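S.K.: Just one file: entry26.pdb, with PDB, N, CA and C atoms, pLDDT in the B column.
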```pdb
ATOM      1  N   MET A 361      19.522 -32.997 -13.884  1.00 67.00           N
ATOM      2  CA  MET A 361      18.931 -31.939 -13.089  1.00 67.00           C
ATOM      3  C   MET A 361      19.960 -30.833 -12.862  1.00 67.00           C
ATOM      4  N   LEU A 362      19.471 -29.681 -12.521  1.00 72.00           N
ATOM      5  CA  LEU A 362      20.329 -28.520 -12.314  1.00 72.00           C
ATOM      6  C   LEU A 362      21.268 -28.709 -11.131  1.00 72.00           C
ATOM      7  N   ILE A 363      20.836 -29.403 -10.113  1.00 71.00           N
ATOM      8  CA  ILE A 363      21.654 -29.575  -8.912  1.00 71.00           C
ATOM      9  C   ILE A 363      22.951 -30.316  -9.236  1.00 71.00           C
ATOM     10  N   ASP A 364      22.925 -31.176 -10.252  1.00 77.00           N
ATOM     11  CA  ASP A 364      24.136 -31.911 -10.636  1.00 77.00           C
ATOM     12  C   ASP A 364      25.221 -30.983 -11.166  1.00 77.00           C
ATOM     13  N   TYR A 365      24.831 -29.846 -11.742  1.00 76.00           N
ATOM     14  CA  TYR A 365      25.804 -28.891 -12.264  1.00 76.00           C
ATOM     15  C   TYR A 365      26.291 -27.910 -11.203  1.00 76.00           C
ATOM     16  N   LEU A 366      25.554 -27.771 -10.119  1.00 76.00           N
ATOM     17  CA  LEU A 366      25.916 -26.824  -9.072  1.00 76.00           C
ATOM     18  C   LEU A 366      26.697 -27.470  -7.935  1.00 76.00           C
ATOM     19  N   GLN A 367      26.376 -28.711  -7.636  1.00 77.00           N
ATOM     20  CA  GLN A 367      27.060 -29.400  -6.543  1.00 77.00           C
ATOM     21  C   GLN A 367      27.908 -30.521  -7.135  1.00 77.00           C
ATOM     22  N   LEU A 368      29.080 -30.127  -7.574  1.00 78.00           N
ATOM     23  CA  LEU A 368      29.975 -31.065  -8.254  1.00 78.00           C
ATOM     24  C   LEU A 368      30.659 -31.994  -7.262  1.00 78.00           C
ATOM     25  N   ARG A 369      30.927 -33.234  -7.698  1.00 82.00           N
ATOM     26  CA  ARG A 369      31.576 -34.228  -6.834  1.00 82.00           C
ATOM     27  C   ARG A 369      32.975 -33.772  -6.402  1.00 82.00           C
ATOM     28  N   GLU A 370      33.686 -33.052  -7.256  1.00 84.00           N
ATOM     29  CA  GLU A 370      35.046 -32.638  -6.896  1.00 84.00           C
ATOM     30  C   GLU A 370      35.058 -31.520  -5.865  1.00 84.00           C
ATOM     31  N   GLN A 371      33.919 -30.928  -5.550  1.00 83.00           N
ATOM     32  CA  GLN A 371      33.852 -29.868  -4.545  1.00 83.00           C
ATOM     33  C   GLN A 371      33.335 -30.380  -3.198  1.00 83.00           C
ATOM     34  N   GLU A 372      33.173 -31.681  -3.076  1.00 85.00           N
ATOM     35  CA  GLU A 372      32.704 -32.237  -1.804  1.00 85.00           C
ATOM     36  C   GLU A 372      33.683 -31.909  -0.698  1.00 85.00           C
ATOM     37  N   PRO A 373      33.352 -31.704   0.513  1.00 84.00           N
ATOM     38  CA  PRO A 373      32.024 -31.590   1.092  1.00 84.00           C
ATOM     39  C   PRO A 373      31.540 -30.131   1.165  1.00 84.00           C
ATOM     40  N   LEU A 374      32.254 -29.193   0.546  1.00 81.00           N
ATOM     41  CA  LEU A 374      31.891 -27.775   0.679  1.00 81.00           C
ATOM     42  C   LEU A 374      30.892 -27.299  -0.374  1.00 81.00           C
ATOM     43  N   TYR A 375      30.958 -27.834  -1.578  1.00 82.00           N
ATOM     44  CA  TYR A 375      30.061 -27.451  -2.675  1.00 82.00           C
ATOM     45  C   TYR A 375      30.015 -25.927  -2.852  1.00 82.00           C
ATOM     46  N   GLN A 376      31.133 -25.323  -3.239  1.00 85.00           N
ATOM     47  CA  GLN A 376      31.238 -23.867  -3.366  1.00 85.00           C
ATOM     48  C   GLN A 376      30.231 -23.294  -4.362  1.00 85.00           C
ATOM     49  N   ASN A 377      30.068 -23.924  -5.515  1.00 84.00           N
ATOM     50  CA  ASN A 377      29.130 -23.410  -6.517  1.00 84.00           C
ATOM     51  C   ASN A 377      27.699 -23.438  -5.994  1.00 84.00           C
ATOM     52  N   GLY A 378      27.291 -24.556  -5.441  1.00 85.00           N
ATOM     53  CA  GLY A 378      25.925 -24.688  -4.927  1.00 85.00           C
ATOM     54  C   GLY A 378      25.661 -23.723  -3.786  1.00 85.00           C
ATOM     55  N   GLY A 379      26.635 -23.585  -2.887  1.00 88.00           N
ATOM     56  CA  GLY A 379      26.474 -22.655  -1.762  1.00 88.00           C
ATOM     57  C   GLY A 379      26.383 -21.214  -2.228  1.00 88.00           C
ATOM     58  N   ALA A 380      27.177 -20.872  -3.236  1.00 91.00           N
ATOM     59  CA  ALA A 380      27.141 -19.510  -3.763  1.00 91.00           C
ATOM     60  C   ALA A 380      25.790 -19.210  -4.400  1.00 91.00           C
ATOM     61  N   VAL A 381      25.219 -20.172  -5.105  1.00 90.00           N
ATOM     62  CA  VAL A 381      23.912 -19.977  -5.732  1.00 90.00           C
ATOM     63  C   VAL A 381      22.828 -19.802  -4.664  1.00 90.00           C
ATOM     64  N   ILE A 382      22.888 -20.591  -3.609  1.00 91.00           N
ATOM     65  CA  ILE A 382      21.900 -20.476  -2.528  1.00 91.00           C
ATOM     66  C   ILE A 382      22.022 -19.134  -1.823  1.00 91.00           C
ATOM     67  N   ILE A 383      23.246 -18.703  -1.533  1.00 95.00           N
ATOM     68  CA  ILE A 383      23.458 -17.414  -0.870  1.00 95.00           C
ATOM     69  C   ILE A 383      23.005 -16.268  -1.767  1.00 95.00           C
ATOM     70  N   ALA A 384      23.322 -16.349  -3.067  1.00 96.00           N
ATOM     71  CA  ALA A 384      22.899 -15.305  -4.005  1.00 96.00           C
ATOM     72  C   ALA A 384      21.370 -15.236  -4.095  1.00 96.00           C
ATOM     73  N   GLY A 385      20.720 -16.372  -4.108  1.00 96.00           N
ATOM     74  CA  GLY A 385      19.258 -16.397  -4.150  1.00 96.00           C
ATOM     75  C   GLY A 385      18.646 -15.810  -2.895  1.00 96.00           C
ATOM     76  N   ALA A 386      19.212 -16.127  -1.745  1.00 97.00           N
ATOM     77  CA  ALA A 386      18.717 -15.571  -0.487  1.00 97.00           C
ATOM     78  C   ALA A 386      18.919 -14.058  -0.450  1.00 97.00           C
ATOM     79  N   ALA A 387      20.078 -13.595  -0.916  1.00 98.00           N
ATOM     80  CA  ALA A 387      20.347 -12.152  -0.941  1.00 98.00           C
ATOM     81  C   ALA A 387      19.390 -11.434  -1.887  1.00 98.00           C
ATOM     82  N   MET A 388      19.113 -12.032  -3.034  1.00 98.00           N
ATOM     83  CA  MET A 388      18.165 -11.431  -3.969  1.00 98.00           C
ATOM     84  C   MET A 388      16.763 -11.385  -3.376  1.00 98.00           C
ATOM     85  N   GLY A 389      16.379 -12.409  -2.628  1.00 98.00           N
ATOM     86  CA  GLY A 389      15.081 -12.412  -1.963  1.00 98.00           C
ATOM     87  C   GLY A 389      14.967 -11.312  -0.923  1.00 98.00           C
ATOM     88  N   ILE A 390      16.011 -11.124  -0.134  1.00 98.00           N
ATOM     89  CA  ILE A 390      16.013 -10.064   0.882  1.00 98.00           C
ATOM     90  C   ILE A 390      15.968  -8.701   0.211  1.00 98.00           C
ATOM     91  N   PHE A 391      16.777  -8.510  -0.832  1.00 98.00           N
ATOM     92  CA  PHE A 391      16.772  -7.245  -1.562  1.00 98.00           C
ATOM     93  C   PHE A 391      15.393  -6.975  -2.161  1.00 98.00           C
ATOM     94  N   GLY A 392      14.751  -7.997  -2.708  1.00 98.00           N
ATOM     95  CA  GLY A 392      13.416  -7.843  -3.288  1.00 98.00           C
ATOM     96  C   GLY A 392      12.389  -7.413  -2.249  1.00 98.00           C
ATOM     97  N   CYS A 393      12.464  -7.981  -1.065  1.00 97.00           N
ATOM     98  CA  CYS A 393      11.539  -7.604   0.017  1.00 97.00           C
ATOM     99  C   CYS A 393      11.759  -6.156   0.448  1.00 97.00           C
ATOM    100  N   LEU A 394      13.018  -5.761   0.582  1.00 97.00           N
ATOM    101  CA  LEU A 394      13.319  -4.385   0.983  1.00 97.00           C
ATOM    102  C   LEU A 394      12.885  -3.391  -0.091  1.00 97.00           C
ATOM    103  N   TRP A 395      13.111  -3.725  -1.348  1.00 98.00           N
ATOM    104  CA  TRP A 395      12.681  -2.855  -2.439  1.00 98.00           C
ATOM    105  C   TRP A 395      11.163  -2.718  -2.457  1.00 98.00           C
ATOM    106  N   CYS A 396      10.468  -3.826  -2.273  1.00 97.00           N
ATOM    107  CA  CYS A 396       9.004  -3.813  -2.268  1.00 97.00           C
ATOM    108  C   CYS A 396       8.482  -2.941  -1.128  1.00 97.00           C
ATOM    109  N   LYS A 397       9.091  -3.028   0.040  1.00 96.00           N
ATOM    110  CA  LYS A 397       8.682  -2.206   1.180  1.00 96.00           C
ATOM    111  C   LYS A 397       8.898  -0.726   0.879  1.00 96.00           C
ATOM    112  N   TRP A 398      10.050  -0.389   0.274  1.00 97.00           N
ATOM    113  CA  TRP A 398      10.331   1.000  -0.088  1.00 97.00           C
ATOM    114  C   TRP A 398       9.311   1.503  -1.106  1.00 97.00           C
ATOM    115  N   TYR A 399       8.971   0.684  -2.105  1.00 96.00           N
ATOM    116  CA  TYR A 399       8.032   1.070  -3.154  1.00 96.00           C
ATOM    117  C   TYR A 399       6.630   1.296  -2.597  1.00 96.00           C
ATOM    118  N   VAL A 400       6.208   0.439  -1.676  1.00 95.00           N
ATOM    119  CA  VAL A 400       4.884   0.584  -1.065  1.00 95.00           C
ATOM    120  C   VAL A 400       4.815   1.870  -0.239  1.00 95.00           C
ATOM    121  N   LYS A 401       5.877   2.179   0.494  1.00 95.00           N
ATOM    122  CA  LYS A 401       5.896   3.429   1.257  1.00 95.00           C
ATOM    123  C   LYS A 401       5.798   4.631   0.324  1.00 95.00           C
ATOM    124  N   LYS A 402       6.490   4.543  -0.807  1.00 96.00           N
ATOM    125  CA  LYS A 402       6.444   5.625  -1.798  1.00 96.00           C
ATOM    126  C   LYS A 402       5.015   5.795  -2.334  1.00 96.00           C
ATOM    127  N   LEU A 403       4.346   4.688  -2.648  1.00 95.00           N
ATOM    128  CA  LEU A 403       2.970   4.764  -3.153  1.00 95.00           C
ATOM    129  C   LEU A 403       2.014   5.311  -2.097  1.00 95.00           C
ATOM    130  N   ASN A 404       2.195   4.885  -0.844  1.00 94.00           N
ATOM    131  CA  ASN A 404       1.334   5.395   0.231  1.00 94.00           C
ATOM    132  C   ASN A 404       1.526   6.894   0.418  1.00 94.00           C
ATOM    133  N   LYS A 405       2.759   7.361   0.318  1.00 95.00           N
ATOM    134  CA  LYS A 405       3.032   8.792   0.449  1.00 95.00           C
ATOM    135  C   LYS A 405       2.358   9.560  -0.689  1.00 95.00           C
ATOM    136  N   LYS A 406       2.407   8.997  -1.885  1.00 95.00           N
ATOM    137  CA  LYS A 406       1.765   9.618  -3.046  1.00 95.00           C
ATOM    138  C   LYS A 406       0.248   9.697  -2.834  1.00 95.00           C
ATOM    139  N   LEU A 407      -0.347   8.643  -2.283  1.00 93.00           N
ATOM    140  CA  LEU A 407      -1.781   8.645  -1.989  1.00 93.00           C
ATOM    141  C   LEU A 407      -2.123   9.708  -0.947  1.00 93.00           C
ATOM    142  N   ASP A 408      -1.299   9.833   0.096  1.00 94.00           N
ATOM    143  CA  ASP A 408      -1.521  10.851   1.121  1.00 94.00           C
ATOM    144  C   ASP A 408      -1.517  12.248   0.518  1.00 94.00           C
ATOM    145  N   GLU A 409      -0.512  12.520  -0.306  1.00 94.00           N
ATOM    146  CA  GLU A 409      -0.407  13.842  -0.915  1.00 94.00           C
ATOM    147  C   GLU A 409      -1.592  14.125  -1.828  1.00 94.00           C
ATOM    148  N   SER A 410      -2.032  13.132  -2.578  1.00 93.00           N
ATOM    149  CA  SER A 410      -3.164  13.300  -3.479  1.00 93.00           C
ATOM    150  C   SER A 410      -4.455  13.574  -2.699  1.00 93.00           C
ATOM    151  N   GLU A 411      -4.646  12.847  -1.603  1.00 93.00           N
ATOM    152  CA  GLU A 411      -5.857  13.047  -0.795  1.00 93.00           C
ATOM    153  C   GLU A 411      -5.858  14.408  -0.117  1.00 93.00           C
ATOM    154  N   GLN A 412      -4.710  14.861   0.347  1.00 92.00           N
ATOM    155  CA  GLN A 412      -4.634  16.176   0.986  1.00 92.00           C
ATOM    156  C   GLN A 412      -4.851  17.291  -0.028  1.00 92.00           C
ATOM    157  N   ALA A 413      -4.316  17.128  -1.225  1.00 94.00           N
ATOM    158  CA  ALA A 413      -4.459  18.149  -2.258  1.00 94.00           C
ATOM    159  C   ALA A 413      -5.902  18.261  -2.734  1.00 94.00           C
ATOM    160  N   ASN A 414      -6.628  17.152  -2.774  1.00 93.00           N
ATOM    161  CA  ASN A 414      -8.012  17.143  -3.259  1.00 93.00           C
ATOM    162  C   ASN A 414      -9.031  17.181  -2.135  1.00 93.00           C
ATOM    163  N   ASP A 415      -8.562  17.337  -0.897  1.00 91.00           N
ATOM    164  CA  ASP A 415      -9.425  17.406   0.292  1.00 91.00           C
ATOM    165  C   ASP A 415     -10.357  16.191   0.390  1.00 91.00           C
ATOM    166  N   LEU A 416      -9.758  15.013   0.276  1.00 89.00           N
ATOM    167  CA  LEU A 416     -10.514  13.766   0.359  1.00 89.00           C
ATOM    168  C   LEU A 416     -10.239  13.083   1.697  1.00 89.00           C
ATOM    169  N   PRO A 417     -11.173  12.252   2.169  1.00 90.00           N
ATOM    170  CA  PRO A 417     -10.901  11.491   3.400  1.00 90.00           C
ATOM    171  C   PRO A 417      -9.848  10.417   3.132  1.00 90.00           C
ATOM    172  N   LYS A 418      -9.224   9.964   4.212  1.00 87.00           N
ATOM    173  CA  LYS A 418      -8.174   8.954   4.083  1.00 87.00           C
ATOM    174  C   LYS A 418      -8.795   7.644   3.602  1.00 87.00           C
ATOM    175  N   GLY A 419      -8.280   7.129   2.493  1.00 87.00           N
ATOM    176  CA  GLY A 419      -8.789   5.896   1.907  1.00 87.00           C
ATOM    177  C   GLY A 419      -7.921   4.707   2.222  1.00 87.00           C
ATOM    178  N   TRP A 420      -7.938   3.733   1.347  1.00 87.00           N
ATOM    179  CA  TRP A 420      -7.179   2.505   1.556  1.00 87.00           C
ATOM    180  C   TRP A 420      -5.685   2.754   1.357  1.00 87.00           C
ATOM    181  N   ARG A 421      -4.895   1.871   1.887  1.00 90.00           N
ATOM    182  CA  ARG A 421      -3.437   1.955   1.784  1.00 90.00           C
ATOM    183  C   ARG A 421      -2.875   0.576   1.442  1.00 90.00           C
ATOM    184  N   TYR A 422      -1.681   0.601   0.867  1.00 87.00           N
ATOM    185  CA  TYR A 422      -0.935  -0.641   0.691  1.00 87.00           C
ATOM    186  C   TYR A 422      -0.412  -1.066   2.063  1.00 87.00           C
ATOM    187  N   VAL A 423      -0.371  -2.349   2.334  1.00 88.00           N
ATOM    188  CA  VAL A 423       0.107  -2.856   3.621  1.00 88.00           C
ATOM    189  C   VAL A 423       1.620  -2.723   3.669  1.00 88.00           C
ATOM    190  N   GLU A 424       2.127  -2.142   4.723  1.00 77.00           N
ATOM    191  CA  GLU A 424       3.586  -1.974   4.888  1.00 77.00           C
ATOM    192  C   GLU A 424       4.152  -3.074   5.729  1.00 77.00           C
TER     193      GLU A 424
END
```
What is this structure when it is put down as structure tokens?
M.R.:
Amino acid sequence: MLIDYLQLREQEPLYQNGGAVIIAGAAMGIFGCLWCKWYVKKLNKKLDESEQANDLPKGWRYVE
């Protein structure tokens, strides 16, 4: 299994490799959420501008 390569016996009890992988994964998850929020705001702004330019009523939006 993959965990055997990340949490080596010689690194007990700290498991530097395994901890680094977990921290990197958590950081990537947080970055992904922040990027997604920024992208949705950008799309909503684009929808607002399009509706104002075409004199349309306010329609649906992406959830922020």
S.K.: Please report, as a PyMOL selection string, each residue of chain A to which DSSP assigns helix (DSSP H, G or I) when run on this structure's backbone.
M.R.: chain A and resi 363-366+369-371+376-413
S.K.: Those residues you just picked out, can you put them in a file as a CSV table (one decimal), in the frame of the given file with N, CA and C atoms?
M.R.:
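The file below, out-v4.csv, is the result:
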```csv
chain,number,residue,atom,x,y,z
A,363,ILE,N,20.8,-29.4,-10.1
A,363,ILE,CA,21.7,-29.6,-8.9
A,363,ILE,C,23.0,-30.3,-9.2
A,364,ASP,N,22.9,-31.2,-10.3
A,364,ASP,CA,24.1,-31.9,-10.6
A,364,ASP,C,25.2,-31.0,-11.2
A,365,TYR,N,24.8,-29.8,-11.7
A,365,TYR,CA,25.8,-28.9,-12.3
A,365,TYR,C,26.3,-27.9,-11.2
A,366,LEU,N,25.6,-27.8,-10.1
A,366,LEU,CA,25.9,-26.8,-9.1
A,366,LEU,C,26.7,-27.5,-7.9
A,369,ARG,N,30.9,-33.2,-7.7
A,369,ARG,CA,31.6,-34.2,-6.8
A,369,ARG,C,33.0,-33.8,-6.4
A,370,GLU,N,33.7,-33.1,-7.3
A,370,GLU,CA,35.0,-32.6,-6.9
A,370,GLU,C,35.1,-31.5,-5.9
A,371,GLN,N,33.9,-30.9,-5.6
A,371,GLN,CA,33.9,-29.9,-4.5
A,371,GLN,C,33.3,-30.4,-3.2
A,376,GLN,N,31.1,-25.3,-3.2
A,376,GLN,CA,31.2,-23.9,-3.4
A,376,GLN,C,30.2,-23.3,-4.4
A,377,ASN,N,30.1,-23.9,-5.5
A,377,ASN,CA,29.1,-23.4,-6.5
A,377,ASN,C,27.7,-23.4,-6.0
A,378,GLY,N,27.3,-24.6,-5.4
A,378,GLY,CA,25.9,-24.7,-4.9
A,378,GLY,C,25.7,-23.7,-3.8
A,379,GLY,N,26.6,-23.6,-2.9
A,379,GLY,CA,26.5,-22.7,-1.8
A,379,GLY,C,26.4,-21.2,-2.2
A,380,ALA,N,27.2,-20.9,-3.2
A,380,ALA,CA,27.1,-19.5,-3.8
A,380,ALA,C,25.8,-19.2,-4.4
A,381,VAL,N,25.2,-20.2,-5.1
A,381,VAL,CA,23.9,-20.0,-5.7
A,381,VAL,C,22.8,-19.8,-4.7
A,382,ILE,N,22.9,-20.6,-3.6
A,382,ILE,CA,21.9,-20.5,-2.5
A,382,ILE,C,22.0,-19.1,-1.8
A,383,ILE,N,23.2,-18.7,-1.5
A,383,ILE,CA,23.5,-17.4,-0.9
A,383,ILE,C,23.0,-16.3,-1.8
A,384,ALA,N,23.3,-16.3,-3.1
A,384,ALA,CA,22.9,-15.3,-4.0
A,384,ALA,C,21.4,-15.2,-4.1
A,385,GLY,N,20.7,-16.4,-4.1
A,385,GLY,CA,19.3,-16.4,-4.2
A,385,GLY,C,18.6,-15.8,-2.9
A,386,ALA,N,19.2,-16.1,-1.7
A,386,ALA,CA,18.7,-15.6,-0.5
A,386,ALA,C,18.9,-14.1,-0.4
A,387,ALA,N,20.1,-13.6,-0.9
A,387,ALA,CA,20.3,-12.2,-0.9
A,387,ALA,C,19.4,-11.4,-1.9
A,388,MET,N,19.1,-12.0,-3.0
A,388,MET,CA,18.2,-11.4,-4.0
A,388,MET,C,16.8,-11.4,-3.4
A,389,GLY,N,16.4,-12.4,-2.6
A,389,GLY,CA,15.1,-12.4,-2.0
A,389,GLY,C,15.0,-11.3,-0.9
A,390,ILE,N,16.0,-11.1,-0.1
A,390,ILE,CA,16.0,-10.1,0.9
A,390,ILE,C,16.0,-8.7,0.2
A,391,PHE,N,16.8,-8.5,-0.8
A,391,PHE,CA,16.8,-7.2,-1.6
A,391,PHE,C,15.4,-7.0,-2.2
A,392,GLY,N,14.8,-8.0,-2.7
A,392,GLY,CA,13.4,-7.8,-3.3
A,392,GLY,C,12.4,-7.4,-2.2
A,393,CYS,N,12.5,-8.0,-1.1
A,393,CYS,CA,11.5,-7.6,0.0
A,393,CYS,C,11.8,-6.2,0.4
A,394,LEU,N,13.0,-5.8,0.6
A,394,LEU,CA,13.3,-4.4,1.0
A,394,LEU,C,12.9,-3.4,-0.1
A,395,TRP,N,13.1,-3.7,-1.3
A,395,TRP,CA,12.7,-2.9,-2.4
A,395,TRP,C,11.2,-2.7,-2.5
A,396,CYS,N,10.5,-3.8,-2.3
A,396,CYS,CA,9.0,-3.8,-2.3
A,396,CYS,C,8.5,-2.9,-1.1
A,397,LYS,N,9.1,-3.0,0.0
A,397,LYS,CA,8.7,-2.2,1.2
A,397,LYS,C,8.9,-0.7,0.9
A,398,TRP,N,10.0,-0.4,0.3
A,398,TRP,CA,10.3,1.0,-0.1
A,398,TRP,C,9.3,1.5,-1.1
A,399,TYR,N,9.0,0.7,-2.1
A,399,TYR,CA,8.0,1.1,-3.2
A,399,TYR,C,6.6,1.3,-2.6
A,400,VAL,N,6.2,0.4,-1.7
A,400,VAL,CA,4.9,0.6,-1.1
A,400,VAL,C,4.8,1.9,-0.2
A,401,LYS,N,5.9,2.2,0.5
A,401,LYS,CA,5.9,3.4,1.3
A,401,LYS,C,5.8,4.6,0.3
A,402,LYS,N,6.5,4.5,-0.8
A,402,LYS,CA,6.4,5.6,-1.8
A,402,LYS,C,5.0,5.8,-2.3
A,403,LEU,N,4.3,4.7,-2.6
A,403,LEU,CA,3.0,4.8,-3.2
A,403,LEU,C,2.0,5.3,-2.1
A,404,ASN,N,2.2,4.9,-0.8
A,404,ASN,CA,1.3,5.4,0.2
A,404,ASN,C,1.5,6.9,0.4
A,405,LYS,N,2.8,7.4,0.3
A,405,LYS,CA,3.0,8.8,0.4
A,405,LYS,C,2.4,9.6,-0.7
A,406,LYS,N,2.4,9.0,-1.9
A,406,LYS,CA,1.8,9.6,-3.0
A,406,LYS,C,0.2,9.7,-2.8
A,407,LEU,N,-0.3,8.6,-2.3
A,407,LEU,CA,-1.8,8.6,-2.0
A,407,LEU,C,-2.1,9.7,-0.9
A,408,ASP,N,-1.3,9.8,0.1
A,408,ASP,CA,-1.5,10.9,1.1
A,408,ASP,C,-1.5,12.2,0.5
A,409,GLU,N,-0.5,12.5,-0.3
A,409,GLU,CA,-0.4,13.8,-0.9
A,409,GLU,C,-1.6,14.1,-1.8
A,410,SER,N,-2.0,13.1,-2.6
A,410,SER,CA,-3.2,13.3,-3.5
A,410,SER,C,-4.5,13.6,-2.7
A,411,GLU,N,-4.6,12.8,-1.6
A,411,GLU,CA,-5.9,13.0,-0.8
A,411,GLU,C,-5.9,14.4,-0.1
A,412,GLN,N,-4.7,14.9,0.3
A,412,GLN,CA,-4.6,16.2,1.0
A,412,GLN,C,-4.9,17.3,0.0
A,413,ALA,N,-4.3,17.1,-1.2
A,413,ALA,CA,-4.5,18.1,-2.3
A,413,ALA,C,-5.9,18.3,-2.7
```
S.K.: Apply the PyMOL selection byres (((chain A and resi 363-367 and name CA) around 12) and name CA) to the displayed file and report the matching residues as a list in words.
M.R.: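 Selection result, ordered by chain and number: Met361, Leu362, Leu368, Arg369, Glu370, Gln371, Glu372, Pro373, Leu374, Tyr375, Gln376, Asn377, Gly378, Gly379, Ala380, Val381 and Ile382 of chain A.
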S.K.: Quick check, in Å to one decimal: how far apart do atom N of Asn404 (chain A) and atom C of Leu416 (chain A) lie?
M.R.: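 Separating atom N of Asn404 (chain A) from atom C of Leu416 (chain A) is a distance of 15.1 Å.
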S.K.: CA of Ala384 (chain A) and CA of Val423 (chain A), how far apart in Å?
M.R.: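 The value is 27.1 Å.
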S.K.: To one decimal place, how far is atom C of Phe391 (chain A) from CA of Leu403 (chain A) in Å?
M.R.: 17.1 Å
S.K.: So, counting only C-alpha atoms, which residue among A:Cys393, A:Val400, A:Ala386, A:Leu407 is closest to Glu424 (chain A)?
M.R.: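 The answer is A:Val400, which sits nearest to Glu424 (chain A).
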S.K.: Please determine an axis-aligned box that encloses all atoms of region 388-404 of chain A listed in the file, with 6 Å added on each side, and express its centre and edge lengths in Å to one decimal as AutoDock Vina command-line options.
M.R.:
```
--center_x 10.2 --center_y -2.8 --center_z -1.4 --size_x 29.8 --size_y 31.3 --size_z 17.2
```
